[in-house]
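Just start_9.txt here, compact mmCIF, C-alpha atoms:
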# COMPACT_ATOMS: atom_id res chain seq x y z
CA MET A 1 16.31 39.94 -26.81
CA LEU A 2 12.56 40.49 -26.49
CA LYS A 3 13.14 42.94 -23.65
CA LYS A 4 15.54 44.95 -25.83
CA ILE A 5 12.98 45.10 -28.62
CA TRP A 6 10.25 46.35 -26.30
CA THR A 7 12.65 48.87 -24.79
CA PHE A 8 13.49 50.15 -28.27
CA ILE A 9 9.80 50.36 -29.21
CA TRP A 10 8.65 52.30 -26.16
CA LYS A 11 11.64 54.65 -26.31
CA THR A 12 10.90 55.32 -29.98
CA VAL A 13 7.26 56.02 -29.19
CA LEU A 14 8.26 58.29 -26.31
CA TYR A 15 10.72 60.25 -28.44
CA CYS A 16 8.15 60.65 -31.22
CA PHE A 17 5.59 61.82 -28.68
CA ILE A 18 7.97 64.42 -27.25
CA PHE A 19 9.08 65.53 -30.71
CA SER A 20 5.49 66.01 -31.89
CA ILE A 21 4.67 68.21 -28.92
CA VAL A 22 7.81 70.29 -29.44
CA VAL A 23 7.00 70.81 -33.13
CA VAL A 24 3.43 71.84 -32.36
CA ILE A 25 4.61 74.34 -29.74
CA VAL A 26 7.25 75.75 -32.11
CA TYR A 27 4.67 76.18 -34.87
CA ARG A 28 2.52 78.10 -32.41
CA PHE A 29 4.96 80.96 -32.96
CA VAL A 30 6.98 80.16 -36.12
CA PRO A 31 5.65 80.12 -39.72
CA VAL A 32 5.37 76.65 -41.22
CA PRO A 33 8.13 76.58 -43.89
CA VAL A 34 6.82 73.71 -46.02
CA THR A 35 4.32 70.87 -45.78
CA MET A 36 4.43 67.27 -46.93
CA LEU A 37 1.70 67.98 -49.49
CA MET A 38 3.81 70.73 -51.04
CA VAL A 39 6.74 68.33 -51.35
CA GLN A 40 4.51 65.62 -52.81
CA ARG A 41 3.05 67.98 -55.41
CA CYS A 42 6.54 69.10 -56.47
CA VAL A 43 7.62 65.46 -56.87
CA GLU A 44 4.48 64.72 -58.91
CA GLN A 45 5.17 67.70 -61.16
CA LYS A 46 8.77 66.61 -61.70
CA MET A 47 7.81 63.01 -62.45
CA ASP A 48 5.18 64.20 -64.95
CA GLY A 49 7.81 66.30 -66.73
CA ARG A 50 6.20 69.56 -65.72
CA GLU A 51 7.93 72.63 -64.32
CA MET A 52 7.87 72.57 -60.52
CA LYS A 53 5.58 75.29 -59.20
CA LEU A 54 5.32 76.24 -55.55
CA GLN A 55 3.89 79.68 -54.89
CA LYS A 56 3.41 80.62 -51.26
CA GLU A 57 3.93 83.63 -49.05
CA TRP A 58 3.33 83.50 -45.32
CA VAL A 59 1.37 86.45 -43.98
CA PRO A 60 0.01 87.04 -40.45
CA LEU A 61 -3.72 86.72 -39.86
CA SER A 62 -3.97 90.50 -39.62
CA LYS A 63 -3.04 90.67 -43.31
CA ILE A 64 -5.68 88.17 -44.40
CA SER A 65 -9.09 89.69 -45.06
CA ASN A 66 -11.67 88.87 -42.44
CA ASN A 67 -13.90 88.17 -45.43
CA LEU A 68 -11.80 85.13 -46.31
CA GLN A 69 -11.65 83.97 -42.70
CA LEU A 70 -15.43 84.15 -42.53
CA ALA A 71 -15.85 82.54 -45.95
CA VAL A 72 -13.92 79.39 -45.03
CA VAL A 73 -15.84 79.09 -41.75
CA ALA A 74 -19.15 79.53 -43.58
CA SER A 75 -18.25 76.91 -46.17
CA GLU A 76 -16.05 74.44 -44.31
CA ASP A 77 -16.80 74.52 -40.59
CA GLN A 78 -19.57 76.73 -39.23
CA ASN A 79 -18.94 75.62 -35.64
CA PHE A 80 -15.21 76.36 -35.83
CA LEU A 81 -15.28 78.99 -33.10
CA TRP A 82 -17.00 76.72 -30.58
CA HIS A 83 -15.90 73.12 -31.04
CA HIS A 84 -12.69 71.66 -29.62
CA GLY A 85 -11.38 70.23 -32.86
CA PHE A 86 -14.20 67.84 -33.74
CA ASP A 87 -17.79 68.61 -34.69
CA PHE A 88 -19.64 65.48 -33.60
CA GLY A 89 -22.97 66.86 -34.75
CA ALA A 90 -21.61 67.34 -38.28
CA ILE A 91 -20.07 63.85 -38.19
CA GLU A 92 -23.43 62.31 -37.30
CA LYS A 93 -25.18 64.20 -40.10
CA ALA A 94 -22.48 63.18 -42.60
CA VAL A 95 -22.82 59.52 -41.65
CA LYS A 96 -26.61 59.61 -42.12
CA TYR A 97 -26.27 61.47 -45.43
CA ASN A 98 -23.65 59.03 -46.77
CA GLU A 99 -25.80 56.05 -45.79
CA LYS A 100 -28.54 57.43 -48.04
CA GLN A 101 -26.02 57.63 -50.91
CA GLU A 102 -25.29 53.91 -50.77
CA GLY A 103 -26.44 52.09 -53.91
CA LYS A 104 -26.63 55.25 -56.01
CA LYS A 105 -24.85 55.20 -59.36
CA HIS A 106 -23.04 58.47 -58.66
CA PRO A 107 -22.96 58.88 -54.86
CA ARG A 108 -21.90 62.27 -53.52
CA LEU A 109 -20.32 61.61 -50.17
CA ARG A 110 -20.11 64.29 -47.51
CA GLY A 111 -17.19 64.78 -45.14
CA ALA A 112 -17.19 66.34 -41.69
CA SER A 113 -13.59 67.41 -41.18
CA THR A 114 -13.28 70.64 -39.23
CA ILE A 115 -10.87 73.45 -40.06
CA SER A 116 -8.79 72.26 -37.09
CA GLN A 117 -8.58 68.75 -38.56
CA GLN A 118 -7.72 70.08 -42.00
CA CYS A 119 -5.07 72.33 -40.49
CA ALA A 120 -3.51 69.42 -38.59
CA LYS A 121 -3.56 67.18 -41.67
CA ASN A 122 -2.14 69.82 -44.02
CA THR A 123 0.58 70.93 -41.60
CA PHE A 124 1.89 67.66 -40.19
CA LEU A 125 0.82 64.72 -42.36
CA PHE A 126 0.99 63.17 -45.81
CA PRO A 127 -2.27 63.29 -47.79
CA SER A 128 -3.42 59.67 -47.66
CA ARG A 129 -6.51 57.74 -46.68
CA ASN A 130 -5.93 55.05 -44.08
CA PHE A 131 -6.65 54.44 -40.42
CA ILE A 132 -3.10 55.27 -39.30
CA ARG A 133 -3.18 58.68 -40.99
CA LYS A 134 -6.66 59.34 -39.61
CA GLY A 135 -5.49 58.41 -36.12
CA LEU A 136 -2.54 60.79 -36.42
CA GLU A 137 -4.89 63.49 -37.67
CA VAL A 138 -7.02 63.09 -34.53
CA TYR A 139 -3.87 63.23 -32.39
CA PHE A 140 -2.46 66.39 -34.00
CA THR A 141 -5.88 68.03 -34.01
CA ALA A 142 -6.08 67.53 -30.26
CA LEU A 143 -2.58 68.96 -29.84
CA ILE A 144 -3.18 72.14 -31.83
CA GLU A 145 -6.48 72.72 -30.05
CA LEU A 146 -4.58 72.37 -26.77
CA PHE A 147 -1.54 74.52 -27.58
CA TRP A 148 -2.88 76.98 -30.18
CA ASN A 149 -5.82 79.37 -30.09
CA LYS A 150 -8.44 79.64 -32.82
CA GLN A 151 -6.71 82.60 -34.44
CA ARG A 152 -3.47 80.64 -34.79
CA ILE A 153 -5.28 77.63 -36.21
CA MET A 154 -6.95 79.88 -38.78
CA GLU A 155 -3.66 81.65 -39.55
CA VAL A 156 -1.80 78.40 -40.22
CA TYR A 157 -4.71 76.90 -42.13
CA LEU A 158 -4.99 79.89 -44.47
CA ASN A 159 -1.24 79.94 -45.06
CA VAL A 160 -0.64 76.28 -45.93
CA ILE A 161 -3.83 75.06 -47.60
CA GLU A 162 -3.69 74.15 -51.29
CA MET A 163 -5.65 76.70 -53.33
CA GLY A 164 -4.67 75.82 -56.88
CA LYS A 165 -2.00 74.08 -58.93
CA GLY A 166 1.17 74.99 -57.09
CA ILE A 167 -0.70 77.70 -55.15
CA TYR A 168 -0.64 77.54 -51.35
CA GLY A 169 -2.08 79.96 -48.85
CA ALA A 170 -4.29 83.02 -48.95
CA GLU A 171 -1.70 85.53 -50.16
CA ALA A 172 -0.51 83.45 -53.12
CA ALA A 173 -4.11 82.62 -54.07
CA SER A 174 -5.22 86.25 -53.86
CA GLN A 175 -2.34 87.35 -56.06
CA PHE A 176 -2.89 84.52 -58.54
CA TYR A 177 -6.66 84.79 -58.92
CA PHE A 178 -7.38 88.46 -58.28
CA HIS A 179 -4.00 90.25 -58.48
CA LYS A 180 -4.35 91.78 -55.03
CA HIS A 181 -3.19 91.17 -51.47
CA ALA A 182 -5.12 88.80 -49.24
CA LYS A 183 -6.01 91.67 -46.92
CA ASP A 184 -7.92 93.38 -49.75
CA LEU A 185 -10.26 90.54 -50.74
CA ASN A 186 -13.90 91.54 -50.87
CA PRO A 187 -16.73 89.19 -49.80
CA SER A 188 -17.39 87.93 -53.33
CA GLU A 189 -13.74 87.12 -54.02
CA ALA A 190 -13.30 85.50 -50.63
CA ALA A 191 -16.39 83.34 -51.17
CA LEU A 192 -15.11 82.17 -54.56
CA ILE A 193 -11.75 81.15 -53.09
CA ALA A 194 -13.56 79.26 -50.34
CA ALA A 195 -15.80 77.66 -52.97
CA ILE A 196 -12.89 75.96 -54.77
CA LEU A 197 -11.28 74.45 -51.68
CA PRO A 198 -12.94 71.03 -52.01
CA ASP A 199 -11.12 70.59 -55.36
CA PRO A 200 -8.63 73.44 -55.98
CA LEU A 201 -6.81 71.51 -58.71
CA LYS A 202 -10.00 71.33 -60.78
CA TRP A 203 -11.78 74.62 -60.10
CA SER A 204 -10.81 78.28 -60.51
CA ALA A 205 -11.83 81.22 -58.34
CA SER A 206 -11.19 83.82 -61.06
CA ASN A 207 -12.92 81.84 -63.82
CA PRO A 208 -15.70 80.00 -62.00
CA GLY A 209 -18.03 77.63 -63.74
CA PRO A 210 -21.74 77.46 -62.86
CA TYR A 211 -21.19 75.14 -59.89
CA VAL A 212 -18.43 77.24 -58.29
CA ALA A 213 -20.35 80.47 -58.95
CA ALA A 214 -23.46 79.02 -57.29
CA ARG A 215 -21.43 77.67 -54.40
CA GLY A 216 -19.77 81.08 -53.96
CA ALA A 217 -23.17 82.78 -53.86
CA ALA A 218 -24.38 80.29 -51.25
CA ILE A 219 -21.29 80.94 -49.14
CA GLN A 220 -21.94 84.69 -49.29
CA THR A 221 -25.45 84.05 -47.99
CA GLN A 222 -24.00 82.10 -45.07
CA MET A 223 -21.49 84.91 -44.46
CA ARG A 224 -24.32 87.41 -44.12
CA MET A 225 -26.00 85.11 -41.59
CA PHE A 226 -22.83 85.43 -39.50
CA GLY A 227 -23.23 89.21 -39.63
CA GLY A 228 -20.66 89.70 -42.37
CA ARG A 229 -17.69 89.42 -40.06
CA LEU A 230 -15.93 86.66 -38.13
CA ASP A 231 -15.71 87.61 -34.47
CA TYR A 232 -13.44 85.25 -32.52
CA ASP A 233 -15.19 86.31 -29.31
CA MET A 234 -18.62 85.44 -30.69
CA LYS A 235 -20.75 83.44 -28.28
CA ASP A 236 -22.08 80.04 -29.29
CA PRO A 237 -25.73 80.59 -30.38
CA GLU A 238 -26.63 77.27 -28.76
CA GLU A 239 -25.57 78.70 -25.42
CA ASN A 240 -28.05 81.53 -25.84
CA LYS A 241 -30.88 79.00 -26.13
CA LYS A 242 -30.17 77.53 -22.70
Would you encode the structure as structure tokens?
Amino acid sequence: MLKKIWTFIWKTVLYCFIFSIVVVIVYRFVPVPVTMLMVQRCVEQKMDGREMKLQKEWVPLSKISNNLQLAVVASEDQNFLWHHGFDFGAIEKAVKYNEKQEGKKHPRLRGASTISQQCAKNTFLFPSRNFIRKGLEVYFTALIELFWNKQRIMEVYLNVIEMGKGIYGAEAASQFYFHKHAKDLNPSEAALIAAILPDPLKWSASNPGPYVAARGAAIQTQMRMFGGRLDYDMKDPEENKK
């Protein structure tokens, strides 16, 4: 009996492992149709008695302004082009910063998730906070870094990320906030969209409050430090110091 149980367990694990790799490879070429977060938000809307809203339109990376690509790198993950899914330097800084927040009445904790990690989480997993989900996030991050290139990671990320109430992806967000296509976003508009990503259900890119406006301006400053354009062939500046 025990042998049968162990056989069932390892076969289940093996099948899940194979299935996960197949899905990741398929999504290397096929648009992601829906994510678990999108489904969860629709259920929440229905249970709250609200009209279900799910606005999304998949567009290739070539139809997403380089301004927005640069803006999310400048605001979310400045080492995106050079790390392999995890920015250990940023993790160390976040840990030290959060330790200093301990004991404060209103601590402001800092995360260190990379765009690759956020892409893996948004594409394959439920939004929850536990060790199992975090372990799966690490696993899927490693897979997409192995089977996808940086352009594909950015393309999927900017097509599935939540950017407002019922708004998912760059094209839907651009239409909703600025009434234009994602490919036509200027640096200011791109920076404002990037500025709301930490809390897109609370903040607005088209009607920014003082905090979002200041954050958008700071992101634009970082964008200029990158030269105003995201170059996927850009060399790691740390390599130039060696």
Exercise. Using all atoms listed in the file, which of the listed residues (A:Ala142, A:Met36, A:Met1, A:Val13) sits closest to Phe124 in chain A?
Worked result: A:Met36
For this session: Name the closest residue to Leu37 in chain A among the candidates A:Gly49, A:Pro187, A:Pro127, A:Pro208; distances are taken between atoms, counting all atoms listed in the file.
Result: A:Pro127
Problem set entry | Among the residues A:Asp184, A:Glu189, A:Glu92, A:Asp87, the one that comes closest to Thr141 in chain A [using only C-alpha atoms] | A:Asp87
Exercise. From the set A:Asn67, A:Asn130, A:Asn79, A:Gln55, which residue has the shortest atom-to-atom contact distance to Cys42 in chain A, counting only C-alpha atoms?
Worked result: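 Of A:Asn67, A:Asn130, A:Asn79, A:Gln55, the one nearest Cys42 in chain A is A:Gln55, counting only C-alpha atoms.
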Problem set entry | Atom-to-atom span, CA of Gln40 in chain A and CA of Ala120 in chain A, Å | 16.8 Å
For this session: Find, counting all atoms listed in the file, the residue in A:Ser62, A:Gln117, A:Asn149, A:Thr35 that gets nearest to Ala170 in chain A.
Result: A:Ser62
For this session: Identify which of the residues A:Trp148, A:Val23, A:Ala71, A:Ile91 lies closest to Gly227 in chain A, counting all atoms listed in the file when measuring atom-to-atom distances.
Result: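 Of all the options, A:Ala71 lies closest to Gly227 in chain A.
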For this session: Could you jot down the CA of Ala195 in chain A to CA of Val73 in chain A separation for me, Å, one decimal place?
Result: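 Interatomic distance, CA of Ala195 in chain A to CA of Val73 in chain A: 11.3 Å.
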Exercise. So how many Å separate CA of Thr114 in chain A and CA of Ser75 in chain A, to one decimal?
Worked result: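 Interatomic distance here is 10.6 Å.
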All residues 9 Å or closer to Gln69 in chain A, all atoms listed in the file, same chain fewer than 5 positions away omitted, as an mmCIF file with C-alpha atoms, in the frame of the given file:
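Final output, selection.cif:
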data_model
loop_
_atom_site.group_PDB
_atom_site.id
_atom_site.type_symbol
_atom_site.label_atom_id
_atom_site.label_comp_id
_atom_site.auth_asym_id
_atom_site.auth_seq_id
_atom_site.Cartn_x
_atom_site.Cartn_y
_atom_site.Cartn_z
ATOM 1 C CA LEU A 61 -3.720 86.720 -39.860
ATOM 2 C CA ILE A 64 -5.680 88.170 -44.400
ATOM 3 C CA ALA A 74 -19.150 79.530 -43.580
ATOM 4 C CA MET A 154 -6.950 79.880 -38.780
ATOM 5 C CA GLU A 155 -3.660 81.650 -39.550
ATOM 6 C CA LEU A 158 -4.990 79.890 -44.470
ATOM 7 C CA ALA A 190 -13.300 85.500 -50.630
ATOM 8 C CA ARG A 229 -17.690 89.420 -40.060
ATOM 9 C CA LEU A 230 -15.930 86.660 -38.130
#
For this session: Find the residues near range 218-220 of chain A: any atom within 9 Å, counting all atoms listed in the file, skip ones fewer than 2 places away on the same chain, and give them as a VMD selection string.
Result: chain A and resid 71 to 72 74 to 75 187 to 188 190 to 192 194 to 195 213 to 216 222 to 225 228
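Shell of Phe178 in chain A at 9 Å, with all atoms listed in the file counted and residues fewer than 6 places along the chain excluded, is A:Leu185, A:Glu189, A:Ala205, A:Ser206.
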For this session: Find the spatial neighbours of His84 in chain A, counting all atoms listed in the file, within a cut-off of 9 Å - ignore same-chain residues fewer than 2 positions away - and output them as a VMD selection string.
Result: chain A and resid 80 to 82 86 to 87 116 141 to 142 145 to 146
